[in-house]
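Visitor: Structure file my_file13.pdb (PDB, C-alpha atoms) is given on the next line.
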ATOM      1  CA  MET B   1      -1.070 124.925 139.706
ATOM      2  CA  GLU B   2       1.049 123.601 142.591
ATOM      3  CA  MET B   3       0.820 119.810 142.747
ATOM      4  CA  GLY B   4       3.796 118.977 144.947
ATOM      5  CA  ILE B   5       4.997 116.164 142.677
ATOM      6  CA  SER B   6       8.660 115.293 142.321
ATOM      7  CA  LYS B   7      10.258 114.802 138.921
ATOM      8  CA  THR B   8      10.624 111.095 139.677
ATOM      9  CA  THR B   9       6.891 110.615 139.175
ATOM     10  CA  THR B  10       6.590 108.828 135.830
ATOM     11  CA  SER B  11       3.353 106.895 135.990
ATOM     12  CA  THR B  12      -0.143 107.474 137.258
ATOM     13  CA  GLU B  13      -3.151 105.328 137.958
ATOM     14  CA  VAL B  14      -6.635 106.803 138.059
ATOM     15  CA  THR B  15      -9.338 105.221 140.144
ATOM     16  CA  ASP B  16     -12.879 106.162 141.020
ATOM     17  CA  ASP B  17     -12.633 105.990 144.794
ATOM     18  CA  ASN B  18     -15.867 104.266 145.739
ATOM     19  CA  SER B  19     -14.906 104.235 149.415
ATOM     20  CA  ASN B  20     -15.353 107.981 149.525
ATOM     21  CA  SER B  21     -18.978 109.143 149.315
ATOM     22  CA  SER B  22     -17.918 112.218 147.346
ATOM     23  CA  SER B  23     -16.468 110.002 144.552
ATOM     24  CA  THR B  24     -13.232 111.992 144.488
ATOM     25  CA  THR B  25     -10.773 110.877 141.822
ATOM     26  CA  HIS B  26      -7.223 110.304 143.110
ATOM     27  CA  THR B  27      -3.890 109.710 141.428
ATOM     28  CA  GLN B  28      -1.332 107.372 142.946
ATOM     29  CA  THR B  29       2.301 108.248 142.198
ATOM     30  CA  ARG B  30       5.325 105.968 142.392
ATOM     31  CA  ASN B  31       6.071 107.453 145.806
ATOM     32  CA  HIS B  32       2.473 106.694 146.929
ATOM     33  CA  ILE B  33       1.599 110.358 147.216
ATOM     34  CA  SER B  34      -2.144 110.835 146.694
ATOM     35  CA  PHE B  35      -3.716 114.065 145.501
ATOM     36  CA  ALA B  36      -7.222 114.867 144.297
ATOM     37  CA  ALA B  37      -8.031 115.662 140.687
ATOM     38  CA  PRO B  38     -10.013 118.838 139.985
ATOM     39  CA  TYR B  39     -12.812 116.721 138.431
ATOM     40  CA  ALA B  40     -13.959 113.229 139.378
ATOM     41  CA  VAL B  41     -14.816 110.271 137.152
ATOM     42  CA  GLY B  42     -18.550 110.443 136.506
ATOM     43  CA  GLU B  43     -18.750 114.159 137.251
ATOM     44  CA  LYS B  44     -20.916 116.282 134.970
ATOM     45  CA  VAL B  45     -19.001 119.253 133.503
ATOM     46  CA  LEU B  46     -19.165 121.971 130.882
ATOM     47  CA  THR B  47     -16.588 122.041 128.090
ATOM     48  CA  ASN B  48     -15.519 125.079 126.127
ATOM     49  CA  HIS B  49     -15.203 125.018 122.328
ATOM     50  CA  SER B  50     -15.461 127.800 119.748
ATOM     51  CA  ASP B  51     -17.083 130.214 122.197
ATOM     52  CA  CYS B  52     -19.784 127.644 123.021
ATOM     53  CA  LEU B  53     -20.260 125.535 126.138
ATOM     54  CA  TYR B  54     -21.254 121.873 125.899
ATOM     55  CA  GLU B  55     -22.467 119.549 128.626
ATOM     56  CA  ALA B  56     -20.321 116.459 129.139
ATOM     57  CA  LYS B  57     -19.389 113.801 131.701
ATOM     58  CA  VAL B  58     -15.887 112.825 132.801
ATOM     59  CA  ARG B  59     -15.162 109.187 131.889
ATOM     60  CA  GLN B  60     -11.466 108.941 132.754
ATOM     61  CA  VAL B  61      -8.759 111.045 134.408
ATOM     62  CA  GLU B  62      -5.000 110.966 133.932
ATOM     63  CA  TYR B  63      -2.116 113.084 135.156
ATOM     64  CA  ARG B  64       0.656 113.299 132.559
ATOM     65  CA  ASN B  65       4.026 114.769 133.479
ATOM     66  CA  THR B  66       4.274 116.789 130.263
ATOM     67  CA  LYS B  67       0.658 117.987 130.019
ATOM     68  CA  GLY B  68      -0.724 117.917 133.539
ATOM     69  CA  TRP B  69      -4.321 116.848 134.127
ATOM     70  CA  GLN B  70      -6.087 115.225 131.170
ATOM     71  CA  PHE B  71      -9.780 114.307 131.115
ATOM     72  CA  LEU B  72     -11.595 111.912 128.808
ATOM     73  CA  VAL B  73     -15.079 113.383 128.424
ATOM     74  CA  HIS B  74     -18.296 112.074 126.920
ATOM     75  CA  TYR B  75     -20.556 114.690 125.318
ATOM     76  CA  LEU B  76     -24.104 114.237 126.572
ATOM     77  CA  GLY B  77     -26.443 113.239 123.759
ATOM     78  CA  TRP B  78     -23.594 112.143 121.482
ATOM     79  CA  LYS B  79     -22.295 108.682 120.672
ATOM     80  CA  LYS B  80     -19.174 107.319 122.340
ATOM     81  CA  ARG B  81     -16.992 107.855 119.261
ATOM     82  CA  TRP B  82     -17.077 111.608 120.007
ATOM     83  CA  ASP B  83     -15.378 111.112 123.396
ATOM     84  CA  GLU B  84     -12.069 112.980 123.575
ATOM     85  CA  TRP B  85      -9.235 113.942 125.920
ATOM     86  CA  LEU B  86      -9.256 117.576 127.042
ATOM     87  CA  ASP B  87      -6.873 119.770 129.016
ATOM     88  CA  LEU B  88      -7.926 121.182 132.370
ATOM     89  CA  ASP B  89      -8.472 124.679 130.947
ATOM     90  CA  ARG B  90     -11.215 123.359 128.619
ATOM     91  CA  LEU B  91     -13.433 122.240 131.518
ATOM     92  CA  MET B  92     -15.767 124.135 133.835
ATOM     93  CA  LYS B  93     -17.760 123.043 136.847
ATOM     94  CA  HIS B  94     -21.402 122.212 136.128
ATOM     95  CA  THR B  95     -22.906 124.849 138.409
ATOM     96  CA  GLU B  96     -25.997 127.035 138.187
ATOM     97  CA  GLU B  97     -23.791 130.062 137.561
ATOM     98  CA  ASN B  98     -21.918 128.376 134.690
ATOM     99  CA  MET B  99     -25.185 127.071 133.233
ATOM    100  CA  ARG B 100     -26.414 130.664 133.165
ATOM    101  CA  LYS B 101     -23.227 131.575 131.279
ATOM    102  CA  LYS B 102     -24.005 128.797 128.782
ATOM    103  CA  HIS B 103     -27.543 130.100 128.291
ATOM    104  CA  ASP B 104     -26.256 133.654 127.884
ATOM    105  CA  LEU B 105     -23.796 132.465 125.206
ATOM    106  CA  ASP B 106     -26.582 130.562 123.436
ATOM    107  CA  GLU B 107     -28.702 133.698 123.346
ATOM    108  CA  LYS B 108     -25.766 135.838 122.214
ATOM    109  CA  LEU B 109     -24.933 133.509 119.322
ATOM    110  CA  GLY B 110     -28.504 132.960 118.221
ATOM    111  CA  ASN B 111     -32.104 132.572 119.326
ATOM    112  CA  ASP B 112     -33.136 131.685 122.824
ATOM    113  CA  LYS B 113     -33.958 128.014 122.352
ATOM    114  CA  ASN B 114     -36.960 128.396 124.668
ATOM    115  CA  ALA B 115     -38.336 131.348 122.731
ATOM    116  CA  LYS B 116     -41.455 130.850 120.641
ATOM    117  CA  VAL B 117     -41.176 131.795 116.998
ATOM    118  CA  PRO B 118     -44.370 132.763 115.150
ATOM    119  CA  ARG B 119     -45.549 130.175 112.678
ATOM    120  CA  GLY B 120     -45.839 131.809 109.295
ATOM    121  CA  SER B 121     -47.686 130.527 106.262
ATOM    122  CA  LEU B 122     -44.440 129.098 104.887
ATOM    123  CA  ALA B 123     -43.942 126.966 107.969
ATOM    124  CA  LYS B 124     -47.386 125.432 107.471
ATOM    125  CA  SER B 125     -47.118 124.888 103.747
ATOM    126  CA  LYS B 126     -46.903 121.335 102.478
ATOM    127  CA  PRO B 127     -44.352 120.120  99.931
ATOM    128  CA  THR B 128     -45.445 119.987  96.328
ATOM    129  CA  ASN B 129     -46.329 116.706  94.633
ATOM    130  CA  VAL B 130     -43.152 116.995  92.567
ATOM    131  CA  SER B 131     -40.898 117.351  95.596
ATOM    132  CA  ARG B 132     -42.725 114.569  97.441
ATOM    133  CA  GLY B 133     -42.293 112.302  94.455
ATOM    134  CA  ARG B 134     -38.598 113.094  94.228
ATOM    135  CA  LYS B 135     -38.163 112.380  97.934
ATOM    136  CA  ARG B 136     -39.942 109.021  97.594
ATOM    137  CA  ARG B 137     -37.608 108.044  94.746
ATOM    138  CA  ASN B 138     -34.584 108.908  96.854
ATOM    139  CA  GLU B 139     -35.997 106.981  99.817
ATOM    140  CA  SER B 140     -36.426 103.905  97.653
ATOM    141  CA  VAL B 141     -32.693 104.000  96.955
ATOM    142  CA  ILE B 142     -31.436 104.782 100.465
ATOM    143  CA  LYS B 143     -34.041 103.859 103.077
ATOM    144  CA  GLY B 144     -35.453 100.499 104.016
ATOM    145  CA  LYS B 145     -32.054  98.995 104.896
ATOM    146  CA  PRO B 146     -31.611  96.914 108.068
ATOM    147  CA  ALA B 147     -29.174  97.911 110.802
ATOM    148  CA  VAL B 148     -25.585  96.832 110.187
ATOM    149  CA  ASP B 149     -22.946  95.504 112.565
ATOM    150  CA  PRO B 150     -20.469  98.433 112.941
ATOM    151  CA  ASP B 151     -17.549  95.996 112.691
ATOM    152  CA  LYS B 152     -18.562  95.219 109.107
ATOM    153  CA  LEU B 153     -18.505  98.858 107.993
ATOM    154  CA  VAL B 154     -15.595 100.531 106.231
ATOM    155  CA  ASN B 155     -13.735 102.868 108.585
ATOM    156  CA  ILE B 156     -13.750 106.439 107.269
ATOM    157  CA  GLN B 157     -11.920 108.340 109.997
ATOM    158  CA  ILE B 158     -13.095 111.954 110.193
ATOM    159  CA  PRO B 159     -10.277 114.300 111.369
ATOM    160  CA  PRO B 160     -10.814 115.823 114.844
ATOM    161  CA  THR B 161     -11.237 119.396 113.578
ATOM    162  CA  LEU B 162     -13.943 118.251 111.163
ATOM    163  CA  LYS B 163     -15.641 116.337 113.974
ATOM    164  CA  LYS B 164     -15.758 119.613 115.856
ATOM    165  CA  GLN B 165     -17.241 121.194 112.747
ATOM    166  CA  LEU B 166     -20.065 118.641 112.927
ATOM    167  CA  VAL B 167     -20.586 119.383 116.631
ATOM    168  CA  ASP B 168     -20.827 123.125 115.973
ATOM    169  CA  ASP B 169     -23.080 122.488 112.959
ATOM    170  CA  CYS B 170     -25.488 120.570 115.168
ATOM    171  CA  GLU B 171     -25.346 123.213 117.895
ATOM    172  CA  PHE B 172     -26.123 126.064 115.498
ATOM    173  CA  ILE B 173     -29.110 124.294 113.944
ATOM    174  CA  THR B 174     -30.705 122.197 116.668
ATOM    175  CA  HIS B 175     -30.062 124.433 119.694
ATOM    176  CA  LEU B 176     -29.714 127.960 118.322
ATOM    177  CA  GLY B 177     -32.310 127.699 115.541
ATOM    178  CA  LYS B 178     -29.955 128.901 112.816
ATOM    179  CA  LEU B 179     -29.560 127.757 109.196
ATOM    180  CA  VAL B 180     -26.816 127.619 106.581
ATOM    181  CA  LYS B 181     -27.439 130.482 104.176
ATOM    182  CA  LEU B 182     -28.141 129.130 100.684
ATOM    183  CA  PRO B 183     -26.965 128.910  98.001
ATOM    184  CA  ARG B 184     -23.438 128.141  99.186
ATOM    185  CA  THR B 185     -20.230 129.160  97.464
ATOM    186  CA  PRO B 186     -18.427 126.975  96.748
ATOM    187  CA  ASN B 187     -21.169 124.392  96.409
ATOM    188  CA  VAL B 188     -20.637 120.634  96.601
ATOM    189  CA  LYS B 189     -19.941 120.344  92.889
ATOM    190  CA  GLY B 190     -17.383 123.139  93.143
ATOM    191  CA  ILE B 191     -15.620 121.516  96.124
ATOM    192  CA  LEU B 192     -15.398 118.178  94.317
ATOM    193  CA  LYS B 193     -13.945 119.925  91.251
ATOM    194  CA  ASN B 194     -11.463 121.779  93.470
ATOM    195  CA  TYR B 195     -10.311 118.464  94.882
ATOM    196  CA  PHE B 196      -9.922 116.981  91.391
ATOM    197  CA  ASP B 197      -7.855 120.013  90.303
ATOM    198  CA  TYR B 198      -5.794 119.756  93.503
ATOM    199  CA  ARG B 199      -4.971 116.106  92.790
ATOM    200  CA  LEU B 200      -4.167 116.906  89.173
ATOM    201  CA  LYS B 201      -1.749 119.646  90.200
ATOM    202  CA  LYS B 202      -0.190 117.537  92.932
ATOM    203  CA  CYS B 203       0.252 114.305  90.953
ATOM    204  CA  GLY B 204       0.500 115.606  87.389
ATOM    205  CA  SER B 205      -2.210 113.190  86.295
ATOM    206  CA  VAL B 206      -5.331 111.702  87.847
ATOM    207  CA  GLY B 207      -6.675 108.212  87.247
ATOM    208  CA  ASP B 208     -10.201 107.547  86.084
ATOM    209  CA  SER B 209     -11.038 106.174  89.529
ATOM    210  CA  VAL B 210     -10.707 109.606  91.175
ATOM    211  CA  GLU B 211     -13.092 111.197  88.674
ATOM    212  CA  GLU B 212     -15.563 108.346  89.128
ATOM    213  CA  ILE B 213     -15.397 108.656  92.914
ATOM    214  CA  MET B 214     -16.100 112.392  92.718
ATOM    215  CA  LYS B 215     -19.097 111.731  90.470
ATOM    216  CA  GLY B 216     -20.274 109.037  92.853
ATOM    217  CA  LEU B 217     -20.030 111.369  95.855
ATOM    218  CA  SER B 218     -22.079 113.963  94.012
ATOM    219  CA  CYS B 219     -24.726 111.371  93.160
ATOM    220  CA  TYR B 220     -24.851 110.003  96.709
ATOM    221  CA  PHE B 221     -25.159 113.527  98.084
ATOM    222  CA  ASP B 222     -28.072 114.428  95.798
ATOM    223  CA  LYS B 223     -29.977 111.301  96.813
ATOM    224  CA  ALA B 224     -29.083 111.270 100.512
ATOM    225  CA  LEU B 225     -29.578 114.938 101.420
ATOM    226  CA  PRO B 226     -33.407 115.085 101.521
ATOM    227  CA  VAL B 227     -33.645 111.658 103.153
ATOM    228  CA  MET B 228     -30.978 111.588 105.867
ATOM    229  CA  LEU B 229     -28.779 114.715 105.889
ATOM    230  CA  LEU B 230     -31.265 117.371 107.020
ATOM    231  CA  TYR B 231     -32.475 118.353 110.464
ATOM    232  CA  LYS B 232     -36.193 118.916 110.854
ATOM    233  CA  ASN B 233     -36.087 122.706 110.742
ATOM    234  CA  GLU B 234     -33.983 122.638 107.537
ATOM    235  CA  ARG B 235     -36.666 120.895 105.469
ATOM    236  CA  GLN B 236     -38.657 123.996 104.588
ATOM    237  CA  GLN B 237     -35.456 125.659 103.389
ATOM    238  CA  TYR B 238     -34.750 122.588 101.220
ATOM    239  CA  GLN B 239     -38.193 122.773  99.599
ATOM    240  CA  GLU B 240     -37.598 126.414  98.716
ATOM    241  CA  ALA B 241     -33.970 126.051  97.606
ATOM    242  CA  CYS B 242     -34.321 122.857  95.556
ATOM    243  CA  PRO B 243     -37.425 122.915  93.361
ATOM    244  CA  ALA B 244     -37.878 120.326  90.621
ATOM    245  CA  ASN B 245     -34.793 119.652  88.462
ATOM    246  CA  VAL B 246     -32.440 121.465  90.864
ATOM    247  CA  PHE B 247     -29.821 119.183  92.407
ATOM    248  CA  PRO B 248     -28.775 119.753  96.047
ATOM    249  CA  SER B 249     -25.086 119.508  95.060
ATOM    250  CA  ALA B 250     -25.547 122.788  93.166
ATOM    251  CA  ILE B 251     -27.065 124.562  96.195
ATOM    252  CA  TYR B 252     -25.507 123.136  99.356
ATOM    253  CA  GLY B 253     -21.870 123.287 100.449
ATOM    254  CA  ALA B 254     -19.264 121.755 102.729
ATOM    255  CA  GLU B 255     -21.452 121.809 105.855
ATOM    256  CA  HIS B 256     -23.911 119.270 104.437
ATOM    257  CA  LEU B 257     -21.302 117.376 102.402
ATOM    258  CA  LEU B 258     -19.440 116.577 105.628
ATOM    259  CA  ARG B 259     -22.621 115.076 107.085
ATOM    260  CA  LEU B 260     -22.626 112.600 104.191
ATOM    261  CA  PHE B 261     -19.342 111.107 105.431
ATOM    262  CA  VAL B 262     -21.060 110.125 108.680
ATOM    263  CA  LYS B 263     -23.544 108.056 106.639
ATOM    264  CA  LEU B 264     -21.203 106.773 103.927
ATOM    265  CA  PRO B 265     -19.953 103.610 105.704
ATOM    266  CA  GLU B 266     -23.472 102.178 105.913
ATOM    267  CA  LEU B 267     -24.387 103.342 102.409
ATOM    268  CA  LEU B 268     -21.296 101.664 100.979
ATOM    269  CA  PHE B 269     -22.063  98.462 102.869
ATOM    270  CA  HIS B 270     -25.451  98.222 101.177
ATOM    271  CA  ALA B 271     -23.838  98.976  97.811
ATOM    272  CA  SER B 272     -22.023  95.617  98.032
ATOM    273  CA  VAL B 273     -18.675  97.004  96.864
ATOM    274  CA  GLU B 274     -15.897  94.454  96.370
ATOM    275  CA  GLU B 275     -13.284  94.468  99.139
ATOM    276  CA  GLU B 276     -10.368  95.493  96.905
ATOM    277  CA  THR B 277     -12.377  98.345  95.414
ATOM    278  CA  LEU B 278     -13.592  99.340  98.872
ATOM    279  CA  MET B 279     -10.022  99.639 100.174
ATOM    280  CA  GLU B 280      -9.076 101.901  97.274
ATOM    281  CA  LEU B 281     -12.232 103.937  97.808
ATOM    282  CA  GLN B 282     -11.472 104.262 101.524
ATOM    283  CA  ALA B 283      -8.023 105.700 100.796
ATOM    284  CA  HIS B 284      -9.455 108.270  98.373
ATOM    285  CA  LEU B 285     -12.228 109.311 100.793
ATOM    286  CA  ILE B 286      -9.762 109.794 103.652
ATOM    287  CA  ASP B 287      -7.556 111.874 101.373
ATOM    288  CA  PHE B 288     -10.578 113.957 100.401
ATOM    289  CA  LEU B 289     -11.347 114.577 104.091
ATOM    290  CA  ARG B 290      -7.773 115.769 104.603
ATOM    291  CA  PHE B 291      -8.339 118.162 101.707
ATOM    292  CA  LEU B 292     -11.507 119.471 103.403
ATOM    293  CA  GLN B 293      -9.591 119.872 106.655
ATOM    294  CA  LYS B 294      -6.781 121.746 104.936
ATOM    295  CA  ASN B 295      -9.306 124.163 103.402
ATOM    296  CA  GLN B 296     -11.676 124.259 106.364
ATOM    297  CA  SER B 297     -11.587 128.035 106.786
ATOM    298  CA  THR B 298     -12.353 128.506 103.072
ATOM    299  CA  PHE B 299     -15.075 125.890 102.576
ATOM    300  CA  PHE B 300     -17.022 126.117 105.858
ATOM    301  CA  LEU B 301     -19.069 128.949 107.301
ATOM    302  CA  SER B 302     -18.011 130.279 110.702
ATOM    303  CA  THR B 303     -21.513 131.594 111.490
ATOM    304  CA  TYR B 304     -25.026 130.653 110.401
ATOM    305  CA  HIS B 305     -27.987 132.960 109.933
ATOM    306  CA  VAL B 306     -31.446 133.143 111.490
ATOM    307  CA  ALA B 307     -34.208 132.754 108.924
ATOM    308  CA  GLU B 308     -37.521 134.509 109.553
ATOM    309  CA  GLY B 309     -40.757 132.563 109.420
ATOM    310  CA  ILE B 310     -39.099 129.218 110.198
ATOM    311  CA  GLU B 311     -40.671 127.154 112.940
ATOM    312  CA  ASN B 312     -38.202 126.644 115.772
ATOM    313  CA  SER B 313     -38.488 123.035 116.952
ATOM    314  CA  THR B 314     -35.009 122.700 118.425
ATOM    315  CA  ASN B 315     -36.182 121.111 121.657
ATOM    316  CA  LYS B 316     -37.463 118.072 119.742
ATOM    317  CA  GLN B 317     -34.360 117.443 117.676
ATOM    318  CA  VAL B 318     -31.303 115.292 118.179
ATOM    319  CA  CYS B 319     -27.998 115.653 116.399
ATOM    320  CA  LEU B 320     -27.074 113.664 113.321
ATOM    321  CA  PRO B 321     -26.176 110.140 114.490
ATOM    322  CA  CYS B 322     -22.515 109.387 113.955
TER
END
Once more with this new file: its structure as structure tokens, please.

Guide:
Amino acid sequence: MEMGISKTTTSTEVTDDNSNSSSTTHTQTRNHISFAAPYAVGEKVLTNHSDCLYEAKVRQVEYRNTKGWQFLVHYLGWKKRWDEWLDLDRLMKHTEENMRKKHDLDEKLGNDKNAKVPRGSLAKSKPTNVSRGRKRRNESVIKGKPAVDPDKLVNIQIPPTLKKQLVDDCEFITHLGKLVKLPRTPNVKGILKNYFDYRLKKCGSVGDSVEEIMKGLSCYFDKALPVMLLYKNERQQYQEACPANVFPSAIYGAEHLLRLFVKLPELLFHASVEEETLMELQAHLIDFLRFLQKNQSTFFLSTYHVAEGIENSTNKQVCLPC
């Protein structure tokens, strides 16, 4: 793309030009040369990721000498922490034609989210007394907690590629009506054991704290999954896959385990863990996430499946808060 900028241009300043009714974003160079950015601050766009298109809004624009145009985008319907800088080639204009392309991709990858799916007898069935009782016990442990100031929560930084995994996970389930095929291999217990073996091989020995943390993650997962880690149209699948005395950690895999890490900071806050212990725990959890990232292609599914007889309620769902 021809910009007409000399090599002496080393700094840029992005402004939302309110004096222009079209809200065109301009960059001012050292030589006071002004040129328009392809997308303006506040402009609604489509972003491309993993063969899917997502709606977003441009929050900030920069021109960097080494990378060219960079855009900070906010994904519509997602919290601010998911905002990220993207290159120009990841953005598309939010036009009727491109929205049709998005809808065509949605249909190609899964169900038409506006299509009506017949309601089978399974979709209407109610959970058994046993499963309801188990869910109430889990809720007594996890629910009923007041909102927490985010500044008081332990920071468990999820790597960018795993954040994208969560975005795709939400898209598959809430917009395309797909599900993770169960049981998963490896399951949560298997992944935790793989991490323990990895640490043992890497360090030669593993302290008791690592084993205890892995056991704790498994326990948290079993209790949290039915209460806060499932989308609405996954609940029927849970009732079928996890009857009485079957733990979710033996059935579910990395896709749902990763969702736990979104909830862990608040769960740990309510556990009243001592600060020194919490810092050690934080380091281990971040290392575990790096392990998941390193083995992402092995642990995570690249495609989900469409289950028959499941009520499609995607239009009423929102993605897992994070």

Visitor: Go through B:Lys223, B:Lys294, B:Lys80, B:Lys163 one by one, measure the shortest atom-to-atom distance of each to Phe261 (chain B) using all atoms listed in the file, and give the residue with the smallest value.

Guide: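 Checking each of B:Lys223, B:Lys294, B:Lys80, B:Lys163 against Phe261 (chain B), counting all atoms listed in the file, the winner is B:Lys163.
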
Visitor: What does the distance from CA of Asp197 (chain B) to CA of Pro160 (chain B) come to in Å, to one decimal?

Guide: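 Distance between the two atoms: 25.1 Å.
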
Visitor: Have a look at CA of Leu278 (chain B) and CA of Glu211 (chain B) and let me know their distance in Å, one decimal.

Guide: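 Separation of CA of Leu278 (chain B) and CA of Glu211 (chain B): 15.6 Å.
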
Visitor: Quick one: apply the PyMOL selection byres ((chain B and resi 76) around 6) to the file and drop the selected residues here as number ranges by chain.

Guide: B: 55-56, 75, 77-78

Visitor: Report the residues retrieved by the PyMOL selection byres ((chain B and resi 59) around 10) from the displayed file, expressed as an MDAnalysis selection string.

Guide: chainID B and resid 16 40:44 56:58 60:61 71:74 83:85

Visitor: As an exercise, work out the distance from CA of Leu285 (chain B) to CA of Asp208 (chain B) in Å and give it to one decimal place.

Guide: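 It comes out at 15.0 Å.
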
Visitor: Determine, counting only C-alpha atoms, every residue of protein, DNA or RNA that lies within 12 Å of (-11.2, 111.3, 103.0) in the file coordinates, then give the result as JSON, numbers by chain.

Guide: {"B": [155, 156, 157, 158, 159, 162, 192, 195, 210, 213, 214, 217, 257, 258, 260, 261, 262, 264, 265, 280, 281, 282, 283, 284, 285, 286, 287, 288, 289, 290, 291, 292, 293, 294]}

Visitor: Give me the result of the PyMOL selection byres ((chain B and resi 171) around 10) on this file, residue by residue, as a PyMOL selection string.

Guide: chain B and resi 52-54+106+165-170+172-178+314+318-319

Visitor: Include C-alpha atoms and write out the residues we just selected as a PDB file, in the coordinates of the input.

Guide:
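Output contents, as saved in selection29.pdb:
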ATOM      1  CA  CYS B  52     -19.784 127.644 123.021  1.00  0.00           C
ATOM      2  CA  LEU B  53     -20.260 125.535 126.138  1.00  0.00           C
ATOM      3  CA  TYR B  54     -21.254 121.873 125.899  1.00  0.00           C
ATOM      4  CA  ASP B 106     -26.582 130.562 123.436  1.00  0.00           C
ATOM      5  CA  GLN B 165     -17.241 121.194 112.747  1.00  0.00           C
ATOM      6  CA  LEU B 166     -20.065 118.641 112.927  1.00  0.00           C
ATOM      7  CA  VAL B 167     -20.586 119.383 116.631  1.00  0.00           C
ATOM      8  CA  ASP B 168     -20.827 123.125 115.973  1.00  0.00           C
ATOM      9  CA  ASP B 169     -23.080 122.488 112.959  1.00  0.00           C
ATOM     10  CA  CYS B 170     -25.488 120.570 115.168  1.00  0.00           C
ATOM     11  CA  PHE B 172     -26.123 126.064 115.498  1.00  0.00           C
ATOM     12  CA  ILE B 173     -29.110 124.294 113.944  1.00  0.00           C
ATOM     13  CA  THR B 174     -30.705 122.197 116.668  1.00  0.00           C
ATOM     14  CA  HIS B 175     -30.062 124.433 119.694  1.00  0.00           C
ATOM     15  CA  LEU B 176     -29.714 127.960 118.322  1.00  0.00           C
ATOM     16  CA  GLY B 177     -32.310 127.699 115.541  1.00  0.00           C
ATOM     17  CA  LYS B 178     -29.955 128.901 112.816  1.00  0.00           C
ATOM     18  CA  THR B 314     -35.009 122.700 118.425  1.00  0.00           C
ATOM     19  CA  VAL B 318     -31.303 115.292 118.179  1.00  0.00           C
ATOM     20  CA  CYS B 319     -27.998 115.653 116.399  1.00  0.00           C
TER      21      CYS B 319
END

Visitor: B:Val246, B:Leu200, B:Ala224, B:Val154: which is nearest Phe269 (chain B), counting only C-alpha atoms?

Guide: B:Val154

Visitor: Counting all atoms listed in the file, which of B:Asn65, B:Asn245, B:Gln70, B:Gln236 gets nearest to Pro38 (chain B)?

Guide: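 Comparing B:Asn65, B:Asn245, B:Gln70, B:Gln236 against Pro38 (chain B), the winner is B:Gln70.
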
Visitor: Using only C-alpha atoms and a cutoff of 12 Å, can you tell me which residues are near (-26.7, 120.5, 106.1) in the file's coordinates, and write them out as a ChimeraX atom specification?

Guide: /B:165-166,168-170,172-174,178-184,187-188,221,224-235,237-238,248-249,251-261,300-301,304,319-320

Visitor: Residues of the last selection are to be written out with C-alpha atoms, as a CSV table (one decimal), in the coordinates of the input.

Guide:
chain,number,residue,atom,x,y,z
B,165,GLN,CA,-17.2,121.2,112.7
B,166,LEU,CA,-20.1,118.6,112.9
B,168,ASP,CA,-20.8,123.1,116.0
B,169,ASP,CA,-23.1,122.5,113.0
B,170,CYS,CA,-25.5,120.6,115.2
B,172,PHE,CA,-26.1,126.1,115.5
B,173,ILE,CA,-29.1,124.3,113.9
B,174,THR,CA,-30.7,122.2,116.7
B,178,LYS,CA,-30.0,128.9,112.8
B,179,LEU,CA,-29.6,127.8,109.2
B,180,VAL,CA,-26.8,127.6,106.6
B,181,LYS,CA,-27.4,130.5,104.2
B,182,LEU,CA,-28.1,129.1,100.7
B,183,PRO,CA,-27.0,128.9,98.0
B,184,ARG,CA,-23.4,128.1,99.2
B,187,ASN,CA,-21.2,124.4,96.4
B,188,VAL,CA,-20.6,120.6,96.6
B,221,PHE,CA,-25.2,113.5,98.1
B,224,ALA,CA,-29.1,111.3,100.5
B,225,LEU,CA,-29.6,114.9,101.4
B,226,PRO,CA,-33.4,115.1,101.5
B,227,VAL,CA,-33.6,111.7,103.2
B,228,MET,CA,-31.0,111.6,105.9
B,229,LEU,CA,-28.8,114.7,105.9
B,230,LEU,CA,-31.3,117.4,107.0
B,231,TYR,CA,-32.5,118.4,110.5
B,232,LYS,CA,-36.2,118.9,110.9
B,233,ASN,CA,-36.1,122.7,110.7
B,234,GLU,CA,-34.0,122.6,107.5
B,235,ARG,CA,-36.7,120.9,105.5
B,237,GLN,CA,-35.5,125.7,103.4
B,238,TYR,CA,-34.8,122.6,101.2
B,248,PRO,CA,-28.8,119.8,96.0
B,249,SER,CA,-25.1,119.5,95.1
B,251,ILE,CA,-27.1,124.6,96.2
B,252,TYR,CA,-25.5,123.1,99.4
B,253,GLY,CA,-21.9,123.3,100.4
B,254,ALA,CA,-19.3,121.8,102.7
B,255,GLU,CA,-21.5,121.8,105.9
B,256,HIS,CA,-23.9,119.3,104.4
B,257,LEU,CA,-21.3,117.4,102.4
B,258,LEU,CA,-19.4,116.6,105.6
B,259,ARG,CA,-22.6,115.1,107.1
B,260,LEU,CA,-22.6,112.6,104.2
B,261,PHE,CA,-19.3,111.1,105.4
B,300,PHE,CA,-17.0,126.1,105.9
B,301,LEU,CA,-19.1,128.9,107.3
B,304,TYR,CA,-25.0,130.7,110.4
B,319,CYS,CA,-28.0,115.7,116.4
B,320,LEU,CA,-27.1,113.7,113.3

Visitor: Rank nothing, just name the residue among B:Thr66, B:Asn295, B:Asn98, B:Asn48 nearest to Leu86 (chain B), using all atoms listed in the file.

Guide: B:Asn48
